[in-house]
Every structure is written in C-alpha cells, then in structure tokens.
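Below is the file query_30.cif, which contains mmCIF, C-alpha atoms.
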data_final
loop_
_atom_site.label_atom_id
_atom_site.label_comp_id
_atom_site.auth_asym_id
_atom_site.auth_seq_id
_atom_site.Cartn_x
_atom_site.Cartn_y
_atom_site.Cartn_z
CA MET A 1456 -6.92 137.35 212.52
CA PRO A 1457 -4.36 134.98 210.95
CA VAL A 1458 -3.49 135.24 207.28
CA SER A 1459 -5.95 133.68 204.86
CA GLU A 1460 -5.13 130.42 203.10
CA ARG A 1461 -4.88 132.34 199.84
CA ALA A 1462 -2.44 134.86 201.30
CA LEU A 1463 -0.35 132.02 202.76
CA GLU A 1464 -0.26 130.25 199.39
CA LEU A 1465 0.79 133.46 197.62
CA ALA A 1466 3.39 134.33 200.25
CA MET A 1467 5.01 130.88 200.26
CA THR A 1468 5.03 130.75 196.46
CA ALA A 1469 6.57 134.23 196.26
CA ALA A 1470 9.16 133.40 198.91
CA GLN A 1471 10.15 130.18 197.14
CA ALA A 1472 10.42 131.96 193.78
CA ALA A 1473 12.70 134.54 195.42
CA ALA A 1474 14.79 131.77 197.01
CA ASP A 1475 15.11 130.05 193.64
CA LYS A 1476 16.75 133.24 192.33
CA LYS A 1477 19.14 133.32 195.30
CA ALA A 1478 17.41 136.08 197.25
CA GLN A 1479 18.84 136.66 200.70
CA ASP A 1480 17.18 137.03 204.10
CA ILE A 1481 13.67 136.09 203.00
CA VAL A 1482 11.10 136.96 205.64
CA VAL A 1483 7.31 136.58 205.60
CA ILE A 1484 5.51 138.85 208.06
CA ASP A 1485 1.87 138.55 209.10
CA VAL A 1486 0.68 142.19 209.06
CA GLY A 1487 -3.03 141.39 208.93
CA ASP A 1488 -3.74 142.62 212.46
CA GLN A 1489 -1.93 145.91 211.82
CA LEU A 1490 -2.98 146.66 208.24
CA TYR A 1491 -6.41 146.15 206.75
CA ILE A 1492 -5.17 146.43 203.18
CA THR A 1493 -3.08 143.25 203.08
CA ASP A 1494 -2.42 140.09 205.08
CA ALA A 1495 1.32 139.57 204.68
CA PHE A 1496 4.59 141.09 203.54
CA VAL A 1497 7.25 139.06 201.81
CA ILE A 1498 10.61 140.81 202.11
CA ALA A 1499 13.76 139.65 200.34
CA SER A 1500 17.15 141.13 199.48
CA ALA A 1501 19.43 141.04 196.47
CA SER A 1502 23.03 142.13 196.10
CA ASN A 1503 22.58 144.09 192.85
CA GLU A 1504 19.93 145.72 190.68
CA ARG A 1505 19.89 142.93 188.08
CA GLN A 1506 19.20 140.36 190.73
CA VAL A 1507 16.38 142.52 192.16
CA ILE A 1508 14.72 142.54 188.73
CA ALA A 1509 15.33 138.80 188.22
CA ILE A 1510 13.69 138.02 191.57
CA VAL A 1511 10.73 140.29 190.77
CA ASP A 1512 10.23 138.55 187.42
CA ALA A 1513 10.45 135.11 189.06
CA VAL A 1514 7.89 136.05 191.73
CA GLU A 1515 5.44 137.37 189.14
CA GLU A 1516 5.86 134.30 186.96
CA ALA A 1517 5.39 131.90 189.88
CA LEU A 1518 2.19 133.59 191.02
CA LEU A 1519 0.85 133.65 187.47
CA ASN A 1520 1.44 129.90 187.25
CA LEU A 1521 -0.70 129.10 190.28
CA PRO A 1522 -4.03 127.36 189.57
CA GLU A 1523 -5.76 130.54 190.72
CA LYS A 1524 -3.50 133.07 188.99
CA ALA A 1525 -2.38 136.23 190.75
CA LYS A 1526 -1.25 139.40 189.04
CA PRO A 1527 0.00 142.47 190.88
CA VAL A 1528 -2.48 145.32 191.01
CA ARG A 1529 0.38 147.73 191.58
CA ARG A 1530 4.08 147.63 190.84
CA GLU A 1531 6.50 150.32 192.01
CA GLY A 1532 10.23 150.97 191.82
CA GLU A 1533 11.17 148.72 188.95
CA ARG A 1534 12.94 151.41 186.94
CA GLN A 1535 15.57 151.96 189.60
CA GLY A 1536 15.89 148.29 190.54
CA ARG A 1537 16.74 149.12 194.16
CA TRP A 1538 13.41 148.43 195.86
CA VAL A 1539 10.53 146.93 193.93
CA LEU A 1540 7.11 146.60 195.51
CA LEU A 1541 4.55 144.16 194.08
CA ASP A 1542 1.03 144.55 195.49
CA PHE A 1543 -1.05 141.41 195.05
CA VAL A 1544 -3.75 142.72 197.48
CA ASP A 1545 -3.56 139.65 199.76
CA ILE A 1546 0.21 140.06 200.03
CA VAL A 1547 2.75 142.75 199.26
CA VAL A 1548 6.20 141.66 198.07
CA HIS A 1549 9.20 143.89 198.74
CA ILE A 1550 12.40 143.01 196.87
CA GLN A 1551 15.17 145.30 198.05
CA HIS A 1552 18.81 145.87 197.29
CA VAL A 1553 20.80 144.92 200.40
CA GLU A 1554 21.65 148.59 201.06
CA GLU A 1555 17.98 149.64 200.92
CA ARG A 1556 17.05 146.76 203.18
CA GLU A 1557 19.54 147.89 205.81
CA PHE A 1558 18.62 151.58 205.50
CA TYR A 1559 14.81 151.26 205.56
CA ALA A 1560 14.78 148.28 207.97
CA LEU A 1561 11.24 147.09 207.24
CA ASP A 1562 11.92 144.06 209.44
CA LYS A 1563 12.47 146.34 212.43
CA LEU A 1564 9.51 148.55 211.53
CA TRP A 1565 7.19 145.53 211.62
CA LYS A 1566 8.99 143.67 214.43
CA ASP A 1567 5.83 143.53 216.57
CA CYS A 1568 4.08 141.44 213.91
CA PRO A 1569 4.49 137.67 213.88
CA THR A 1570 6.59 136.08 211.20
CA ILE A 1571 5.42 133.14 209.15
CA PRO A 1572 8.06 130.42 208.87
CA PHE A 1573 9.51 129.90 205.41
CA VAL A 1574 11.98 127.15 204.59
CA ASP A 1575 13.60 127.05 201.16
CA ARG A 1576 12.75 123.66 199.62
CA ASP A 1577 16.31 123.41 198.23
CA MET A 1578 17.64 123.55 201.82
CA VAL A 1579 15.26 120.77 202.85
CA ASP A 1580 16.32 118.65 199.84
CA ALA A 1581 20.02 119.27 200.60
CA GLU A 1582 19.58 118.25 204.24
CA ALA A 1583 17.69 115.11 203.22
CA SER A 1584 20.49 113.98 200.91
#
Produce structure tokens that represent the structure in this file.
Amino acid sequence: MPVSERALELAMTAAQAAADKKAQDIVVIDVGDQLYITDAFVIASASNERQVIAIVDAVEEALLNLPEKAKPVRREGERQGRWVLLDFVDIVVHIQHVEEREFYALDKLWKDCPTIPFVDRDMVDAEAS
C-alpha cells in the first residue's frame, strides 16, 4: 500500500525543513509495506552535532506549522546529537551525524523499499533562474 497523503505531506515538509538547514543526502523511503507502525522514513545527515540539533528543531517547527499540526510522539537521541529519531507515527525522521549514517547504513538496510522522490525547492529555484 502506498504512503498516505498525510504521510507524504509530513515527509516532504520534513525533508524540505532539513534541506533548508543544509542537511545532506536527504532520502525519503516508503516502508509502509514492510512496517505496520509507520509509512515512511525521512533520513538526513549533518556534519556536526550542532547541525543535527538545528535540523531536528527545523523539522519539528515546520511540522507544527502545518494546517494540521504534527508533534512527535517520541523523540530519541537528542542529548548526544549524533542520531536523533523523531516519531510522528505516520513518518519517522532520522537525523544522523555523517559518521553514524555511514556506520548504521539505514539506506542499505531498507534498500528493498521504494524511495519517494524529494527535490529541494531551492535547487528548483536556482535551476529556474
């Protein structure tokens, strides 16, 4: 079953918020057929702990500003700032330090799941200019 419209809205908003804070390698993965607890993962990387926290804050703020607000039901890893997980039920956002991203390789773990295309709006605007 494809991701719900709500999950897609949350995932794209989270991905764009991460991109706005210069997150790297943003990937949205449709895990709905493999997991019954969520529809999609948003995975993004940051080069240092401060940037991880800044991206997490931006994602939370962006989802709170949606017409139908979304707050995480669970938040893990913020103290260390190396891998923060935000569980919004419909989606789970993973913001990882580059080293954690390489070590844990979530992209490879979920490689059998389809990805959902995400294009940073700033890249589209830059190409249009």
In Å, with one decimal, what is the gap from CA of Ala1469 (chain A) to CA of Val1514 (chain A)? 5.1 Å
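Minimum atom-to-atom distances from A:Gln1551, A:Ile1484, A:Val1544, A:Pro1522 to Arg1505 (chain A) were compared using all atoms listed in the file, and the lowest value belongs to A:Gln1551.
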I'd like the neighbourhood of Arg1534 (chain A) as a list in words, where a residue qualifies if any of its atoms comes within 10 Å (using all atoms listed in the file), though same-chain residues fewer than 5 positions away should be ignored. Glu1504, Ile1508 and Val1539 of chain A
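This file gives the following result for the PyMOL selection byres ((chain A and resi 1538) around 9): A:Ser1500, A:Glu1504, A:Val1507, A:Glu1531, A:Gly1532, A:Glu1533, A:Gln1535, A:Gly1536, A:Arg1537, A:Val1539, A:Leu1540, A:His1549, A:Ile1550, A:Gln1551, A:His1552, A:Glu1555, A:Arg1556.
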What would the list of residues within 6 Å of (8.6, 136.0, 206.4) (file frame) look like as a PDB file with C-alpha atoms, in the coordinates of the input, if only C-alpha atoms are what count?
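Writing the result to selection.pdb gives the following:
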ATOM      1  CA  VAL A1482      11.100 136.960 205.640  1.00  0.00           C
ATOM      2  CA  VAL A1483       7.310 136.580 205.600  1.00  0.00           C
ATOM      3  CA  ILE A1484       5.510 138.850 208.060  1.00  0.00           C
ATOM      4  CA  VAL A1497       7.250 139.060 201.810  1.00  0.00           C
ATOM      5  CA  THR A1570       6.590 136.080 211.200  1.00  0.00           C
ATOM      6  CA  ILE A1571       5.420 133.140 209.150  1.00  0.00           C
TER       7      ILE A1571
END
Translate the PyMOL selection byres ((chain A and resi 1543) around 10), as applied to the file shown, into an explicit residue set as number ranges by chain. A: 1462, 1465-1466, 1493, 1515, 1518, 1525-1530, 1540-1542, 1544-1548
Enumerate, as a list of chain:residue names, the residues matched when the PyMOL selection byres ((chain A and resi 1476) around 12) is run on the file above. A:Ala1469, A:Ala1470, A:Gln1471, A:Ala1472, A:Ala1473, A:Ala1474, A:Asp1475, A:Lys1477, A:Ala1478, A:Gln1479, A:Ile1481, A:Ala1499, A:Ser1500, A:Ala1501, A:Ser1502, A:Arg1505, A:Gln1506, A:Val1507, A:Ile1508, A:Ala1509, A:Ile1510, A:Val1511, A:Asp1512, A:Ala1513, A:Val1514, A:Ala1517, A:Ile1550, A:Asp1575, A:Asp1577
Could you write out as AutoDock Vina command-line options the box around region 1472-1479 of chain A (axis-aligned, all atoms listed in the file, 5 Å on each side), with centre and edge lengths in Å to one decimal?
--center_x 14.8 --center_y 133.4 --center_z 196.5 --size_x 18.7 --size_y 16.6 --size_z 18.4
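The nearest approach to Lys1563 (chain A) among the residues A:Met1578, A:Glu1516, A:Asn1503, A:Ile1498, with all atoms listed in the file taken into account, belongs to A:Ile1498.
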Need to verify the contact set: Trp1565 (chain A), 10 Å, all atoms listed in the file, exclusion of same-chain residues closer than 6 positions in sequence. Can you return it as a PyMOL selection string? chain A and resi 1484-1486+1489+1496
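Each of A:Pro1569, A:Asp1562, A:Asp1494, A:Glu1557 was checked against Glu1464 (chain A) using only C-alpha atoms; the smallest atom-to-atom distance is that of A:Asp1494.
CA of Leu1463 (chain A) to CA of Val1553 (chain A) spans 24.9 Å [interatomic distance, one decimal].
Here CA of Thr1468 (chain A) and CA of Glu1523 (chain A) stand 12.2 Å from one another.
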Just region 1516-1528 of chain A from the block, all heavy atoms, as a tab-separated table (two decimals), in the first residue's frame, could you?
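Output saved as out.tsv:
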chain	number	residue	atom	x	y	z
A	1516	GLU	N	9.55	22.35	13.96
A	1516	GLU	CA	8.85	23.62	13.75
A	1516	GLU	C	8.02	23.60	12.47
A	1516	GLU	O	6.87	24.03	12.46
A	1516	GLU	CB	9.88	24.76	13.69
A	1516	GLU	CG	9.23	26.13	13.54
A	1516	GLU	CD	10.26	27.26	13.51
A	1516	GLU	OE1	11.38	27.09	14.01
A	1516	GLU	OE2	9.91	28.33	12.97
A	1517	ALA	N	8.59	23.06	11.41
A	1517	ALA	CA	7.86	23.01	10.14
A	1517	ALA	C	6.60	22.16	10.25
A	1517	ALA	O	5.54	22.52	9.72
A	1517	ALA	CB	8.78	22.45	9.04
A	1518	LEU	N	6.69	21.03	10.94
A	1518	LEU	CA	5.51	20.17	11.06
A	1518	LEU	C	4.48	20.75	12.02
A	1518	LEU	O	3.28	20.49	11.87
A	1518	LEU	CB	5.93	18.76	11.47
A	1518	LEU	CG	6.79	18.02	10.43
A	1518	LEU	CD1	7.12	16.61	10.89
A	1518	LEU	CD2	6.13	17.98	9.08
A	1519	LEU	N	4.94	21.54	12.97
A	1519	LEU	CA	3.98	22.22	13.85
A	1519	LEU	C	3.25	23.35	13.14
A	1519	LEU	O	2.15	23.74	13.53
A	1519	LEU	CB	4.70	22.79	15.08
A	1519	LEU	CG	4.90	21.83	16.24
A	1519	LEU	CD1	5.78	22.48	17.31
A	1519	LEU	CD2	3.59	21.39	16.83
A	1520	ASN	N	3.87	23.89	12.08
A	1520	ASN	CA	3.27	24.99	11.34
A	1520	ASN	C	2.34	24.55	10.22
A	1520	ASN	O	1.77	25.39	9.53
A	1520	ASN	CB	4.36	25.91	10.79
A	1520	ASN	CG	5.02	26.72	11.88
A	1520	ASN	OD1	4.40	27.05	12.89
A	1520	ASN	ND2	6.29	27.04	11.70
A	1521	LEU	N	2.19	23.25	10.04
A	1521	LEU	CA	1.24	22.76	9.04
A	1521	LEU	C	-0.19	23.07	9.50
A	1521	LEU	O	-0.44	23.16	10.70
A	1521	LEU	CB	1.40	21.25	8.85
A	1521	LEU	CG	2.65	20.78	8.13
A	1521	LEU	CD1	2.75	19.25	8.20
A	1521	LEU	CD2	2.67	21.26	6.69
A	1522	PRO	N	-1.13	23.20	8.55
A	1522	PRO	CA	-2.52	23.42	8.95
A	1522	PRO	C	-3.03	22.36	9.94
A	1522	PRO	O	-3.72	22.67	10.89
A	1522	PRO	CB	-3.29	23.37	7.63
A	1522	PRO	CG	-2.28	23.74	6.59
A	1522	PRO	CD	-0.96	23.22	7.11
A	1523	GLU	N	-2.67	21.11	9.68
A	1523	GLU	CA	-2.99	20.03	10.61
A	1523	GLU	C	-1.67	19.68	11.32
A	1523	GLU	O	-0.88	18.86	10.84
A	1523	GLU	CB	-3.53	18.81	9.87
A	1523	GLU	CG	-4.11	17.76	10.78
A	1523	GLU	CD	-4.69	16.59	10.00
A	1523	GLU	OE1	-5.17	16.78	8.88
A	1523	GLU	OE2	-4.63	15.47	10.54
A	1524	LYS	N	-1.45	20.35	12.45
A	1524	LYS	CA	-0.17	20.27	13.16
A	1524	LYS	C	0.23	18.83	13.46
A	1524	LYS	O	-0.61	17.96	13.68
A	1524	LYS	CB	-0.24	21.03	14.48
A	1524	LYS	CG	-0.48	22.49	14.32
A	1524	LYS	CD	-0.58	23.18	15.65
A	1524	LYS	CE	-0.88	24.64	15.41
A	1524	LYS	NZ	-0.85	25.42	16.60
A	1525	ALA	N	1.55	18.62	13.49
A	1525	ALA	CA	2.08	17.30	13.86
A	1525	ALA	C	3.17	17.49	14.90
A	1525	ALA	O	4.08	18.30	14.71
A	1525	ALA	CB	2.65	16.60	12.64
A	1526	LYS	N	3.04	16.76	15.99
A	1526	LYS	CA	4.05	16.76	17.04
A	1526	LYS	C	4.59	15.34	17.17
A	1526	LYS	O	3.83	14.39	17.03
A	1526	LYS	CB	3.45	17.18	18.38
A	1526	LYS	CG	3.12	18.65	18.47
A	1526	LYS	CD	2.53	18.99	19.82
A	1526	LYS	CE	3.61	18.90	20.88
A	1526	LYS	NZ	3.16	19.38	22.19
A	1527	PRO	N	5.88	15.20	17.44
A	1527	PRO	CA	6.40	13.84	17.60
A	1527	PRO	C	5.84	13.19	18.86
A	1527	PRO	O	5.71	13.82	19.90
A	1527	PRO	CB	7.91	14.04	17.71
A	1527	PRO	CG	8.10	15.45	18.14
A	1527	PRO	CD	6.92	16.22	17.61
A	1528	VAL	N	5.50	11.92	18.72
A	1528	VAL	CA	5.04	11.16	19.90
A	1528	VAL	C	6.22	10.60	20.66
A	1528	VAL	O	6.10	10.24	21.83
A	1528	VAL	CB	4.06	10.03	19.52
A	1528	VAL	CG1	2.78	10.59	18.93
A	1528	VAL	CG2	4.70	9.03	18.57
